[in-house]
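**Q** Handing over target.cif, mmCIF, C-alpha atoms.
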data_my_file
loop_
_atom_site.label_atom_id
_atom_site.label_comp_id
_atom_site.auth_asym_id
_atom_site.auth_seq_id
_atom_site.Cartn_x
_atom_site.Cartn_y
_atom_site.Cartn_z
CA MET F 84 20.80 -6.18 -45.54
CA ASN F 85 23.28 -7.41 -42.92
CA LEU F 86 22.51 -9.07 -39.58
CA ILE F 87 22.35 -5.76 -37.72
CA ASP F 88 19.80 -4.37 -40.22
CA LYS F 89 17.66 -7.47 -39.80
CA TYR F 90 17.95 -7.34 -36.03
CA ILE F 91 16.89 -3.69 -35.91
CA ALA F 92 14.00 -4.32 -38.29
CA GLU F 93 12.87 -7.14 -35.99
CA VAL F 94 13.05 -4.89 -32.90
CA GLY F 95 11.15 -2.19 -34.81
CA LYS F 96 8.21 -4.55 -35.39
CA HIS F 97 7.45 -4.42 -31.66
CA LEU F 98 7.95 -0.67 -31.20
CA PRO F 99 5.30 2.06 -31.36
CA ARG F 100 5.32 3.79 -34.76
CA LYS F 101 5.83 7.24 -33.22
CA SER F 102 9.22 6.58 -31.67
CA ARG F 103 10.32 3.65 -33.84
CA ALA F 104 12.81 5.42 -36.13
CA ASP F 105 14.50 7.21 -33.24
CA ILE F 106 14.90 4.09 -31.10
CA GLU F 107 16.11 2.07 -34.09
CA ALA F 108 18.77 4.69 -34.85
CA GLU F 109 19.96 4.67 -31.24
CA ILE F 110 20.20 0.88 -31.10
CA ARG F 111 22.16 0.87 -34.37
CA SER F 112 24.53 3.53 -33.06
CA THR F 113 25.10 1.57 -29.84
CA LEU F 114 25.69 -1.73 -31.64
CA GLU F 115 28.24 -0.09 -33.93
CA ASP F 116 29.96 1.53 -30.93
CA MET F 117 30.19 -1.87 -29.28
CA LEU F 118 31.64 -3.46 -32.42
CA GLU F 119 34.13 -0.64 -32.78
CA GLU F 120 35.30 -1.07 -29.22
CA ARG F 121 35.84 -4.76 -29.89
CA LYS F 122 37.76 -3.86 -33.09
CA GLN F 123 35.27 -5.83 -35.16
CA ASN F 124 33.04 -4.80 -38.05
CA ALA F 125 29.48 -5.35 -39.20
CA ALA F 126 30.61 -7.68 -42.00
CA ASP F 127 31.93 -10.23 -39.51
CA ASP F 128 28.84 -12.41 -39.06
CA ALA F 129 30.28 -14.46 -36.20
CA ALA F 130 31.19 -11.36 -34.20
CA VAL F 131 27.83 -9.74 -34.89
CA THR F 132 25.97 -12.91 -33.88
CA LEU F 133 27.80 -12.93 -30.55
CA LEU F 134 27.08 -9.23 -30.03
CA LEU F 135 23.38 -9.55 -30.80
CA LYS F 136 23.08 -12.55 -28.50
CA GLU F 137 24.58 -10.40 -25.77
CA TYR F 138 22.30 -7.45 -26.57
CA GLY F 139 19.17 -9.54 -26.14
CA SER F 140 16.27 -10.89 -28.16
CA PRO F 141 14.48 -8.30 -30.35
CA ARG F 142 11.24 -8.71 -28.41
CA LYS F 143 12.97 -8.24 -25.03
CA VAL F 144 14.80 -5.13 -26.25
CA ALA F 145 11.58 -3.64 -27.65
CA GLU F 146 9.69 -4.44 -24.43
CA SER F 147 12.27 -2.54 -22.39
CA TYR F 148 11.30 0.60 -24.33
CA VAL F 149 7.55 0.31 -24.35
CA GLY F 150 6.93 -1.25 -20.91
CA PRO F 151 4.00 -3.55 -20.17
CA ARG F 152 0.94 -3.18 -22.38
CA TYR F 153 -2.50 -4.26 -21.25
CA LEU F 154 -5.69 -5.27 -22.96
CA ILE F 155 -7.41 -4.66 -19.61
CA GLY F 156 -5.18 -2.75 -17.20
CA PRO F 157 -4.90 -2.82 -13.39
CA ARG F 158 -7.50 -0.06 -12.87
CA MET F 159 -10.26 -1.95 -14.76
CA TYR F 160 -9.27 -5.51 -13.87
CA PRO F 161 -11.12 -5.81 -10.50
CA PHE F 162 -14.40 -4.69 -12.15
CA PHE F 163 -13.76 -6.97 -15.12
CA GLU F 164 -13.25 -9.92 -12.77
CA MET F 165 -16.41 -9.14 -10.79
CA VAL F 166 -18.62 -8.72 -13.89
CA THR F 167 -17.19 -11.85 -15.52
CA ARG F 168 -17.82 -13.92 -12.42
CA ILE F 169 -21.42 -12.75 -12.05
CA VAL F 170 -22.32 -13.11 -15.74
CA LEU F 171 -20.77 -16.57 -16.09
CA ILE F 172 -22.38 -17.89 -12.88
CA VAL F 173 -25.80 -16.53 -13.90
CA LEU F 174 -25.47 -17.97 -17.40
CA PHE F 175 -24.39 -21.31 -15.97
CA ALA F 176 -27.23 -21.40 -13.42
CA VAL F 177 -29.93 -20.39 -15.92
CA THR F 178 -28.75 -22.91 -18.54
CA LEU F 179 -28.53 -25.65 -15.95
CA ALA F 180 -32.01 -24.87 -14.63
CA GLY F 181 -33.39 -24.83 -18.18
CA LEU F 182 -31.79 -28.17 -18.96
CA GLY F 183 -33.09 -29.68 -15.72
CA ILE F 184 -36.63 -28.55 -16.46
CA SER F 185 -36.63 -29.74 -20.07
CA LEU F 186 -35.20 -33.13 -19.08
CA SER F 187 -37.72 -33.59 -16.29
CA LYS F 188 -40.56 -32.87 -18.74
CA SER F 189 -39.23 -35.11 -21.50
CA SER F 190 -39.24 -38.88 -21.66
CA LEU F 191 -35.77 -39.19 -23.13
CA VAL F 192 -33.74 -42.23 -22.15
CA GLY F 193 -30.38 -43.80 -23.02
CA VAL F 194 -28.57 -42.40 -26.04
CA GLU F 195 -31.15 -39.68 -26.70
CA PHE F 196 -30.83 -38.49 -23.10
CA LEU F 197 -27.03 -38.36 -23.35
CA LYS F 198 -27.26 -36.63 -26.72
CA THR F 199 -29.49 -33.89 -25.30
CA VAL F 200 -27.21 -33.42 -22.28
CA SER F 201 -24.05 -33.25 -24.40
CA GLU F 202 -25.68 -30.83 -26.87
CA SER F 203 -26.70 -28.58 -23.96
CA ALA F 204 -23.20 -28.81 -22.48
CA LEU F 205 -21.69 -27.76 -25.82
CA GLY F 206 -24.26 -24.96 -26.11
CA LEU F 207 -23.40 -23.82 -22.60
CA LEU F 208 -19.67 -23.87 -23.37
CA GLY F 209 -20.26 -21.82 -26.51
CA GLY F 210 -22.43 -19.38 -24.56
CA LEU F 211 -19.83 -19.00 -21.80
CA ILE F 212 -17.06 -18.34 -24.33
CA THR F 213 -19.21 -15.81 -26.23
CA ALA F 214 -20.21 -14.03 -23.01
CA PHE F 215 -16.58 -13.93 -21.86
CA GLY F 216 -15.46 -12.59 -25.25
CA ASN F 217 -18.07 -9.84 -25.14
CA ILE F 218 -17.09 -8.80 -21.62
CA VAL F 219 -13.41 -8.67 -22.62
CA LEU F 220 -14.32 -6.58 -25.65
CA VAL F 221 -16.36 -4.10 -23.60
CA PHE F 222 -13.64 -3.72 -20.95
CA ALA F 223 -10.87 -3.43 -23.56
CA ILE F 224 -12.82 -0.54 -25.13
CA LEU F 225 -13.44 1.05 -21.70
CA GLU F 226 -9.72 0.73 -20.93
CA ARG F 227 -8.94 2.86 -23.98
CA VAL F 228 -11.87 5.26 -23.79
CA LEU F 229 -11.99 6.20 -20.08
CA PRO F 230 -9.49 8.96 -19.25
CA LYS F 231 -6.66 7.76 -17.02
CA ALA F 232 -6.32 11.16 -15.35
CA ASP F 233 -9.76 10.82 -13.67
CA PHE F 234 -8.79 7.49 -12.17
CA GLU F 235 -5.48 8.80 -10.86
CA LYS F 236 -7.20 11.88 -9.42
CA GLU F 237 -9.74 9.65 -7.68
CA MET F 238 -6.88 7.61 -6.16
CA ASP F 239 -5.09 10.75 -4.96
CA ASP F 240 -8.23 12.44 -3.60
CA TRP F 241 -9.39 9.40 -1.69
CA ASP F 242 -10.52 10.19 1.85
CA PRO F 243 -10.70 7.47 4.55
CA LYS F 244 -13.81 9.21 5.91
CA GLU F 245 -15.65 7.87 2.85
CA LEU F 246 -15.45 4.42 4.44
CA ALA F 247 -18.01 5.52 7.04
CA SER F 248 -20.67 5.75 4.32
CA GLU F 249 -19.82 2.30 2.89
CA PRO F 250 -22.57 -0.19 3.74
CA ASP F 251 -21.61 -3.19 5.84
CA PRO F 252 -22.27 -6.18 3.55
CA ASP F 253 -23.24 -8.38 6.53
CA ARG F 254 -25.72 -5.96 8.06
CA VAL F 255 -29.39 -6.60 7.30
CA GLY F 256 -31.36 -3.59 6.05
CA LEU F 257 -34.41 -3.18 8.31
CA GLY F 258 -36.50 -1.31 5.71
CA GLU F 259 -35.70 -3.80 2.99
CA GLN F 260 -36.71 -6.79 5.13
CA ILE F 261 -39.97 -5.17 6.28
CA PHE F 262 -40.88 -4.14 2.73
CA GLU F 263 -40.23 -7.70 1.51
CA LEU F 264 -42.30 -9.16 4.38
CA ILE F 265 -45.28 -6.89 3.63
CA PHE F 266 -45.12 -7.74 -0.07
CA LEU F 267 -44.94 -11.50 0.60
CA VAL F 268 -47.84 -11.46 3.07
CA LEU F 269 -49.99 -9.34 0.77
CA PHE F 270 -49.28 -11.64 -2.15
CA LEU F 271 -50.19 -14.73 -0.13
CA VAL F 272 -53.41 -13.19 1.19
CA VAL F 273 -54.59 -11.80 -2.14
CA PHE F 274 -53.78 -14.78 -4.36
CA ASN F 275 -55.00 -17.40 -1.89
CA LEU F 276 -58.04 -15.69 -0.38
CA TYR F 277 -59.16 -12.91 -2.76
CA PRO F 278 -57.89 -13.67 -6.27
CA GLY F 279 -60.98 -11.92 -7.68
CA ILE F 280 -59.98 -8.48 -6.45
CA LEU F 281 -56.98 -8.26 -8.81
CA GLY F 282 -57.67 -5.97 -11.72
CA VAL F 283 -58.04 -2.41 -12.96
CA GLY F 284 -61.07 -0.14 -12.51
CA PHE F 285 -62.15 2.52 -15.02
CA PHE F 286 -64.56 5.36 -14.33
CA SER F 287 -66.38 6.12 -17.55
CA ASP F 288 -69.82 7.64 -18.32
CA GLY F 289 -70.68 7.95 -14.64
CA GLU F 290 -70.04 4.33 -13.75
CA TRP F 291 -67.16 2.05 -12.80
CA THR F 292 -66.03 -0.80 -15.06
CA PHE F 293 -63.75 -3.37 -13.48
CA ILE F 294 -61.45 -5.69 -15.41
CA ALA F 295 -60.10 -8.68 -13.58
CA PRO F 296 -57.37 -10.63 -15.32
CA VAL F 297 -58.46 -14.21 -15.80
CA LEU F 298 -55.88 -16.30 -14.00
CA THR F 299 -55.83 -19.73 -15.59
CA LYS F 300 -55.99 -23.11 -13.90
CA ALA F 301 -52.31 -23.47 -14.71
CA PHE F 302 -51.51 -20.50 -12.46
CA PHE F 303 -53.47 -21.95 -9.53
CA SER F 304 -51.76 -25.32 -10.00
CA TYR F 305 -48.47 -23.55 -9.19
CA LEU F 306 -49.91 -21.67 -6.22
CA PRO F 307 -49.08 -24.32 -3.56
CA TRP F 308 -45.43 -24.20 -4.64
CA ILE F 309 -45.44 -20.40 -4.61
CA ASN F 310 -46.96 -20.51 -1.11
CA ILE F 311 -44.26 -22.87 0.19
CA LEU F 312 -41.46 -20.72 -1.22
CA PHE F 313 -42.99 -17.49 0.05
CA LEU F 314 -43.58 -18.91 3.53
CA LEU F 315 -39.98 -20.09 3.67
CA GLN F 316 -38.87 -16.63 2.52
CA ILE F 317 -41.00 -15.02 5.26
CA GLY F 318 -39.32 -17.33 7.78
CA LEU F 319 -35.90 -16.23 6.53
CA ASN F 320 -36.92 -12.54 6.68
CA LEU F 321 -38.05 -12.91 10.29
CA TYR F 322 -34.84 -14.75 11.20
CA LEU F 323 -32.76 -11.96 9.63
CA LEU F 324 -34.78 -9.25 11.36
CA ARG F 325 -34.11 -10.93 14.69
CA LYS F 326 -30.41 -11.49 14.07
CA GLY F 327 -29.68 -8.15 12.35
CA TYR F 328 -26.73 -9.71 10.52
CA GLN F 329 -26.28 -12.19 7.71
CA ASN F 330 -24.45 -15.41 8.59
CA THR F 331 -23.49 -18.56 6.71
CA VAL F 332 -26.83 -20.27 7.48
CA SER F 333 -28.90 -17.32 6.22
CA ARG F 334 -26.74 -16.92 3.12
CA VAL F 335 -27.02 -20.63 2.21
CA ALA F 336 -30.79 -20.56 2.89
CA ASN F 337 -31.17 -17.48 0.69
CA ILE F 338 -29.19 -19.08 -2.16
CA LEU F 339 -31.33 -22.24 -1.97
CA LEU F 340 -34.54 -20.21 -1.96
CA GLU F 341 -33.40 -18.12 -4.90
CA LEU F 342 -32.46 -21.28 -6.81
CA ALA F 343 -35.90 -22.71 -6.05
CA ASP F 344 -37.45 -19.43 -7.30
CA ILE F 345 -35.49 -19.78 -10.56
CA VAL F 346 -36.59 -23.38 -11.05
CA LEU F 347 -40.25 -22.54 -10.38
CA ALA F 348 -40.11 -19.48 -12.63
CA VAL F 349 -38.56 -21.51 -15.45
CA VAL F 350 -41.25 -24.22 -15.05
CA MET F 351 -44.02 -21.57 -15.12
CA LEU F 352 -42.41 -19.84 -18.08
CA ARG F 353 -42.31 -23.05 -20.09
CA GLY F 354 -45.72 -24.23 -19.01
CA PRO F 355 -49.21 -23.25 -20.24
CA ALA F 356 -50.42 -19.60 -20.22
CA LEU F 357 -50.95 -18.11 -16.75
CA VAL F 358 -53.37 -15.35 -17.79
CA ALA F 359 -56.08 -15.63 -20.44
CA MET F 360 -57.62 -12.26 -21.28
CA THR F 361 -59.78 -11.55 -24.32
CA PRO F 362 -60.31 -8.22 -26.16
CA GLU F 363 -64.02 -8.42 -25.21
CA GLN F 364 -63.16 -7.84 -21.56
CA PHE F 365 -62.09 -4.29 -22.46
CA ALA F 366 -65.46 -3.33 -23.93
CA GLY F 367 -66.89 -0.17 -22.34
CA THR F 368 -63.52 0.98 -21.03
CA PRO F 369 -61.26 3.77 -22.35
CA LEU F 370 -58.96 0.99 -23.60
CA ALA F 371 -61.65 -0.52 -25.88
CA ASP F 372 -60.18 1.04 -29.03
CA ALA F 373 -56.95 -0.89 -28.59
CA ALA F 374 -58.47 -3.93 -26.90
CA ASP F 375 -56.43 -6.45 -28.93
CA PHE F 376 -53.19 -4.78 -27.97
CA PHE F 377 -54.02 -4.61 -24.24
CA ALA F 378 -55.34 -8.20 -24.15
CA LYS F 379 -52.08 -9.47 -25.70
CA GLY F 380 -50.08 -7.23 -23.35
CA ALA F 381 -51.89 -8.56 -20.29
CA ASN F 382 -51.28 -12.14 -21.40
CA LEU F 383 -47.58 -11.45 -21.91
CA LEU F 384 -47.17 -9.66 -18.58
CA PRO F 385 -46.59 -12.84 -16.50
CA LEU F 386 -43.82 -13.88 -18.90
CA LEU F 387 -42.13 -10.51 -18.39
CA VAL F 388 -42.46 -10.77 -14.60
CA LEU F 389 -41.06 -14.32 -14.61
CA GLY F 390 -38.15 -13.21 -16.81
CA VAL F 391 -37.32 -10.44 -14.33
CA VAL F 392 -37.60 -12.93 -11.43
CA ILE F 393 -35.14 -15.32 -13.15
CA ILE F 394 -32.60 -12.58 -13.86
CA ALA F 395 -32.89 -10.95 -10.42
CA SER F 396 -32.69 -14.29 -8.60
CA SER F 397 -29.69 -15.37 -10.69
CA ILE F 398 -27.86 -12.19 -9.73
CA GLU F 399 -28.79 -12.79 -6.07
CA VAL F 400 -27.42 -16.35 -6.29
CA ALA F 401 -24.18 -15.14 -7.86
CA GLN F 402 -23.73 -12.41 -5.24
CA GLY F 403 -24.67 -14.81 -2.44
CA VAL F 404 -22.14 -17.43 -3.57
CA ASN F 405 -19.51 -14.73 -3.95
CA ARG F 406 -20.12 -13.38 -0.43
CA LEU F 407 -20.25 -16.87 1.00
CA LEU F 408 -16.85 -17.68 -0.48
CA LYS F 409 -15.44 -14.39 0.76
CA SER F 410 -16.90 -14.58 4.26
CA ARG F 411 -14.16 -14.93 6.81
CA THR F 412 -13.87 -16.05 10.37
CA SER F 413 -15.08 -13.61 13.02
CA SER F 414 -11.48 -12.69 13.88
CA PRO F 415 -9.58 -10.59 11.32
CA TYR F 416 -6.36 -12.33 12.44
CA PRO F 417 -5.15 -15.79 11.46
CA VAL F 418 -5.73 -18.63 13.91
CA ILE F 419 -2.66 -18.95 16.17
CA LYS F 420 -2.05 -22.52 17.24
CA MET W 208 20.03 -21.66 -5.10
CA GLU W 209 16.67 -20.27 -4.03
CA ASN W 210 18.36 -17.72 -1.76
CA ASP W 211 20.72 -16.68 -4.54
CA GLU W 212 17.75 -15.95 -6.74
CA LEU W 213 16.04 -13.94 -3.99
CA VAL W 214 19.22 -11.93 -3.39
CA GLN W 215 19.58 -11.27 -7.13
CA ASN W 216 15.99 -10.06 -7.37
CA MET W 217 16.38 -7.79 -4.36
CA LEU W 218 19.67 -6.42 -5.68
CA LEU W 219 17.94 -5.68 -8.95
CA GLU W 220 15.25 -3.68 -7.15
CA LEU W 221 17.88 -1.90 -5.06
CA ARG W 222 19.92 -0.94 -8.12
CA ARG W 223 16.83 0.14 -10.05
CA GLY W 224 16.11 2.68 -7.34
CA VAL W 225 19.52 4.33 -7.54
CA LEU W 226 20.03 4.21 -11.31
CA SER W 227 18.22 7.48 -11.97
CA ILE W 228 20.46 9.36 -9.51
CA ALA W 229 23.58 7.67 -10.89
CA VAL W 230 22.71 8.54 -14.49
CA LEU W 231 21.80 12.15 -13.68
CA SER W 232 25.02 12.55 -11.72
CA GLN W 233 27.14 11.45 -14.70
CA LEU W 234 25.54 13.75 -17.24
CA SER W 235 26.85 17.10 -16.13
CA LYS W 236 28.88 16.86 -19.35
CA GLU W 237 27.50 15.45 -22.61
CA GLU W 238 27.68 11.70 -23.15
CA TYR W 239 26.22 9.36 -25.74
CA GLY W 240 24.59 6.14 -24.57
CA TYR W 241 27.51 3.80 -24.95
CA SER W 242 30.06 6.24 -23.48
CA LEU W 243 27.78 6.72 -20.47
CA LEU W 244 27.52 2.95 -20.09
CA LYS W 245 31.31 2.73 -20.00
CA ALA W 246 31.59 5.66 -17.60
CA LEU W 247 29.16 4.03 -15.17
CA SER W 248 30.93 0.69 -15.53
CA ASP W 249 34.35 2.29 -14.88
CA LYS W 250 32.95 3.67 -11.63
CA GLY W 251 31.67 0.25 -10.58
CA LEU W 252 28.03 0.43 -11.65
CA GLU W 253 27.34 -2.24 -14.26
CA ILE W 254 24.15 -1.52 -16.16
CA ASP W 255 22.50 -3.32 -19.02
CA GLN W 256 21.86 -1.49 -22.33
CA SER W 257 18.24 -2.58 -22.22
CA THR W 258 17.93 -0.78 -18.88
CA LEU W 259 19.98 2.32 -19.64
CA TYR W 260 18.45 3.44 -22.93
CA PRO W 261 14.79 3.29 -21.84
CA LEU W 262 15.82 5.08 -18.63
CA LEU W 263 17.48 7.86 -20.62
CA ARG W 264 14.32 8.28 -22.70
CA ARG W 265 12.16 8.35 -19.58
CA LEU W 266 14.36 10.97 -17.88
CA GLU W 267 14.27 13.03 -21.04
CA SER W 268 10.48 12.82 -21.30
CA GLN W 269 10.33 14.03 -17.67
CA GLY W 270 12.39 17.07 -18.65
CA LEU W 271 15.42 16.06 -16.56
CA LEU W 272 17.68 15.45 -19.58
CA GLN W 273 18.16 17.06 -22.98
CA SER W 274 19.42 15.24 -26.04
CA ASP W 275 20.25 15.71 -29.70
CA TRP W 276 21.71 13.71 -32.56
CA ARG W 277 25.16 14.90 -33.62
CA ILE W 278 28.28 13.83 -35.51
CA VAL W 279 31.43 14.50 -33.49
CA ASP W 280 34.97 13.92 -34.84
CA GLU W 281 33.62 12.48 -38.11
CA ALA W 282 32.26 9.47 -36.30
CA ARG W 283 28.77 8.05 -36.94
CA PRO W 284 25.71 10.02 -35.73
CA ARG W 285 25.19 9.62 -32.00
CA ARG W 286 22.61 10.84 -29.59
CA TYR W 287 24.18 13.01 -26.92
CA TYR W 288 22.55 13.46 -23.52
CA VAL W 289 23.13 16.16 -20.91
CA ILE W 290 21.38 17.09 -17.68
CA SER W 291 18.80 19.92 -17.99
CA PRO W 292 18.46 22.84 -15.53
CA GLN W 293 15.40 21.10 -14.05
CA GLY W 294 17.40 17.86 -13.83
CA ARG W 295 20.14 19.70 -11.90
CA THR W 296 17.62 20.97 -9.34
CA VAL W 297 16.11 17.52 -8.96
CA LEU W 298 19.57 15.92 -8.66
CA ASN W 299 20.56 18.31 -5.84
CA LYS W 300 17.43 17.40 -3.95
CA LEU W 301 18.02 13.68 -4.57
CA LYS W 302 21.62 13.97 -3.37
CA GLN W 303 20.43 15.35 -0.02
CA GLU W 304 17.85 12.60 0.31
CA TRP W 305 20.42 9.99 -0.62
CA SER W 306 22.86 11.19 2.05
CA ALA W 307 20.18 11.08 4.72
CA MET W 308 19.02 7.67 3.58
CA ALA W 309 22.56 6.26 3.41
CA GLU W 310 23.25 7.54 6.94
CA THR W 311 20.06 5.97 8.25
CA MET W 312 20.81 2.66 6.58
CA ASN W 313 24.40 2.64 7.83
CA GLN W 314 23.14 3.17 11.36
CA MET W 315 20.64 0.36 10.97
CA LEU W 316 23.10 -2.08 9.47
CA SER W 317 26.12 -1.32 11.66
#
Just give me the structure as structure tokens.

**A**
Amino acid sequence: MNLIDKYIAEVGKHLPRKSRADIEAEIRSTLEDMLEERKQNAADDAAVTLLLKEYGSPRKVAESYVGPRYLIGPRMYPFFEMVTRIVLIVLFAVTLAGLGISLSKSSLVGVEFLKTVSESALGLLGGLITAFGNIVLVFAILERVLPKADFEKEMDDWDPKELASEPDPDRVGLGEQIFELIFLVLFLVVFNLYPGILGVGFFSDGEWTFIAPVLTKAFFSYLPWINILFLLQIGLNLYLLRKGYQNTVSRVANILLELADIVLAVVMLRGPALVAMTPEQFAGTPLADAADFFAKGANLLPLLVLGVVIIASSIEVAQGVNRLLKSRTSSPYPVIK
Amino acid sequence: MENDELVQNMLLELRRGVLSIAVLSQLSKEEYGYSLLKALSDKGLEIDQSTLYPLLRRLESQGLLQSDWRIVDEARPRRYYVISPQGRTVLNKLKQEWSAMAETMNQMLS
């Protein structure tokens, strides 16, 4: 095997299998033509070395044939970046909130405190790397699975009129704000003034049976904090309704409120049970046959709701921070001094 | 130094744009890669092998060139390229566009 054979074999390593033999043959033919023109032969190592140096490194030559190759290409990259940012911020925020809560509840000091913090930091780092790896894996698969033709067709068929239906990210949705206000007010009224009316009624054998979930003392100990957060949220909703548009102040306020929601939800999640129902409460109802199951389900329900609150609020925080960073000055032009 | 680099990069882009027309124009008769490289060089268009060969493959995959491996005059096997009927049609169209573009640019730069 002479130098040219080795060079071609090296180029071939970086070429697609389908066209490898053909490209290798063409490179060999060209190299031999070049040697012939210089009146040299393949046995002259010095001449061949000079020629190969001139022709280029095997990797560079191979790249010129195959072009750039992507793990995640330009069409998927913007979505990949957006998903990565949201997932990593949420993961970071949730881990940080969890650490804060557990540290505030523990009596760790000195070395033990530092040990817990460093262990959490390492855990967080591992979690971030794993999450990032999984996102890359999913997008790399999507890159290969999704047909390119659809994407190109979408680009070609694009109509500027579609922009008219795009929502303005700064505009406040009237319906959304009013719905949120009604929900918040109802919650405050019911839980503060009429906690006994919460429950489910069953009509059986000509009479009504009413089951009220037994909210524990632990739940009511959190109620003042829930009230404060909900009142602040109502204030923000009213402010937004009046303004009609989001601004930096409202975005920052919303992020802070969502963060406070996460912290409170994590505290409630880690604290004592919020609902204490017993199978006996289901006696005389159509659910009596599976009373154990429904009692356990009712007791687990607050945990599910709090989990949803943490995830939804984390996404809100991530989106809010993202929009805040992207928000520009009122003029679309640069400031001219 | 910085300007030299900018000029080199821009020249590279400029040349890349005209290479396809240049290559198509020189393949009305059969040529193998290296002979085409020399033909272009003799006419003042220096082109790197690592640019020419991938370009030839691309033009062939677009149906603008045809090629086959052959042994001529007892030499080693070589791949010969020639413009296809579709390539001829495309080249004629490109020639017209090039003339119009060259005229416009000359007017702008004079």

**Q** Compute the chain F side of the contact with chain W at 10 Å, counting only C-alpha atoms, and hand it back as a list in words.

**A**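 Close to chain W, chain F has Asp105, Ile106, Ala108, Glu109, Ile110, Arg111, Ser112, Thr113, Leu114, Glu115, Asp116, Met117, Glu137, Tyr138, Gly139, Lys143, Val144, Ala145, Glu146, Ser147, Tyr148, Val149 and Gly150 of chain F.
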
**Q** Name every residue that the PyMOL selection byres ((chain F and resi 318-333) around 7) selects in this structure, writing the answer as a PyMOL selection string with chains first and numbers rising.

**A** chain F and resi 253-255+257+260+264+314-317+334-337+407

**Q** Store the residues picked out above in a file with C-alpha atoms, as a JSON list (two decimals), in the coordinates of the input.

**A**
[["chain", "number", "residue", "atom", "x", "y", "z"],
["F", 253, "ASP", "CA", -23.24, -8.38, 6.53],
["F", 254, "ARG", "CA", -25.72, -5.96, 8.06],
["F", 255, "VAL", "CA", -29.39, -6.60, 7.30],
["F", 257, "LEU", "CA", -34.41, -3.18, 8.31],
["F", 260, "GLN", "CA", -36.71, -6.79, 5.13],
["F", 264, "LEU", "CA", -42.30, -9.16, 4.38],
["F", 314, "LEU", "CA", -43.58, -18.91, 3.53],
["F", 315, "LEU", "CA", -39.98, -20.09, 3.67],
["F", 316, "GLN", "CA", -38.87, -16.63, 2.52],
["F", 317, "ILE", "CA", -41.00, -15.02, 5.26],
["F", 334, "ARG", "CA", -26.74, -16.92, 3.12],
["F", 335, "VAL", "CA", -27.02, -20.63, 2.21],
["F", 336, "ALA", "CA", -30.79, -20.56, 2.89],
["F", 337, "ASN", "CA", -31.17, -17.48, 0.69],
["F", 407, "LEU", "CA", -20.25, -16.87, 1.00]]

**Q** Written as a PyMOL selection string, what is the full residue list that the PyMOL selection byres ((chain F and resi 175-181) around 12) yields on the file shown?

**A** chain F and resi 167-174+182-188+200+202-212+214+338+341-353+390+392-401+404

**Q** Residues near Leu220 of chain F, anyone? I mean within 12 Å using all atoms listed in the file, not counting same-chain ones fewer than 4 positions away, as a ChimeraX atom specification.

**A** /F:154-155,163,167,213-216,224-227

**Q** For the selection you just gave me, I'd like the residues written to a file as an mmCIF file, in the frame of the given file, keeping C-alpha atoms.

**A**
data_model
loop_
_atom_site.group_PDB
_atom_site.id
_atom_site.type_symbol
_atom_site.label_atom_id
_atom_site.label_comp_id
_atom_site.auth_asym_id
_atom_site.auth_seq_id
_atom_site.Cartn_x
_atom_site.Cartn_y
_atom_site.Cartn_z
ATOM 1 C CA LEU F 154 -5.690 -5.270 -22.960
ATOM 2 C CA ILE F 155 -7.410 -4.660 -19.610
ATOM 3 C CA PHE F 163 -13.760 -6.970 -15.120
ATOM 4 C CA THR F 167 -17.190 -11.850 -15.520
ATOM 5 C CA THR F 213 -19.210 -15.810 -26.230
ATOM 6 C CA ALA F 214 -20.210 -14.030 -23.010
ATOM 7 C CA PHE F 215 -16.580 -13.930 -21.860
ATOM 8 C CA GLY F 216 -15.460 -12.590 -25.250
ATOM 9 C CA ILE F 224 -12.820 -0.540 -25.130
ATOM 10 C CA LEU F 225 -13.440 1.050 -21.700
ATOM 11 C CA GLU F 226 -9.720 0.730 -20.930
ATOM 12 C CA ARG F 227 -8.940 2.860 -23.980
#

**Q** With the file shown as input, list the residues that the PyMOL selection byres ((chain W and resi 231) around 9) selects, as a PyMOL selection string.

**A** chain W and resi 226-230+232-235+266+271-272+289-290+294-295+298

**Q** Take the residues that were just selected and, keeping C-alpha atoms, output them as a PDB file, in the frame of the given file.

**A**
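Output file again31.pdb follows:
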ATOM      1  CA  LEU W 226      20.030   4.210 -11.310  1.00  0.00           C
ATOM      2  CA  SER W 227      18.220   7.480 -11.970  1.00  0.00           C
ATOM      3  CA  ILE W 228      20.460   9.360  -9.510  1.00  0.00           C
ATOM      4  CA  ALA W 229      23.580   7.670 -10.890  1.00  0.00           C
ATOM      5  CA  VAL W 230      22.710   8.540 -14.490  1.00  0.00           C
ATOM      6  CA  SER W 232      25.020  12.550 -11.720  1.00  0.00           C
ATOM      7  CA  GLN W 233      27.140  11.450 -14.700  1.00  0.00           C
ATOM      8  CA  LEU W 234      25.540  13.750 -17.240  1.00  0.00           C
ATOM      9  CA  SER W 235      26.850  17.100 -16.130  1.00  0.00           C
ATOM     10  CA  LEU W 266      14.360  10.970 -17.880  1.00  0.00           C
ATOM     11  CA  LEU W 271      15.420  16.060 -16.560  1.00  0.00           C
ATOM     12  CA  LEU W 272      17.680  15.450 -19.580  1.00  0.00           C
ATOM     13  CA  VAL W 289      23.130  16.160 -20.910  1.00  0.00           C
ATOM     14  CA  ILE W 290      21.380  17.090 -17.680  1.00  0.00           C
ATOM     15  CA  GLY W 294      17.400  17.860 -13.830  1.00  0.00           C
ATOM     16  CA  ARG W 295      20.140  19.700 -11.900  1.00  0.00           C
ATOM     17  CA  LEU W 298      19.570  15.920  -8.660  1.00  0.00           C
TER      18      LEU W 298
END
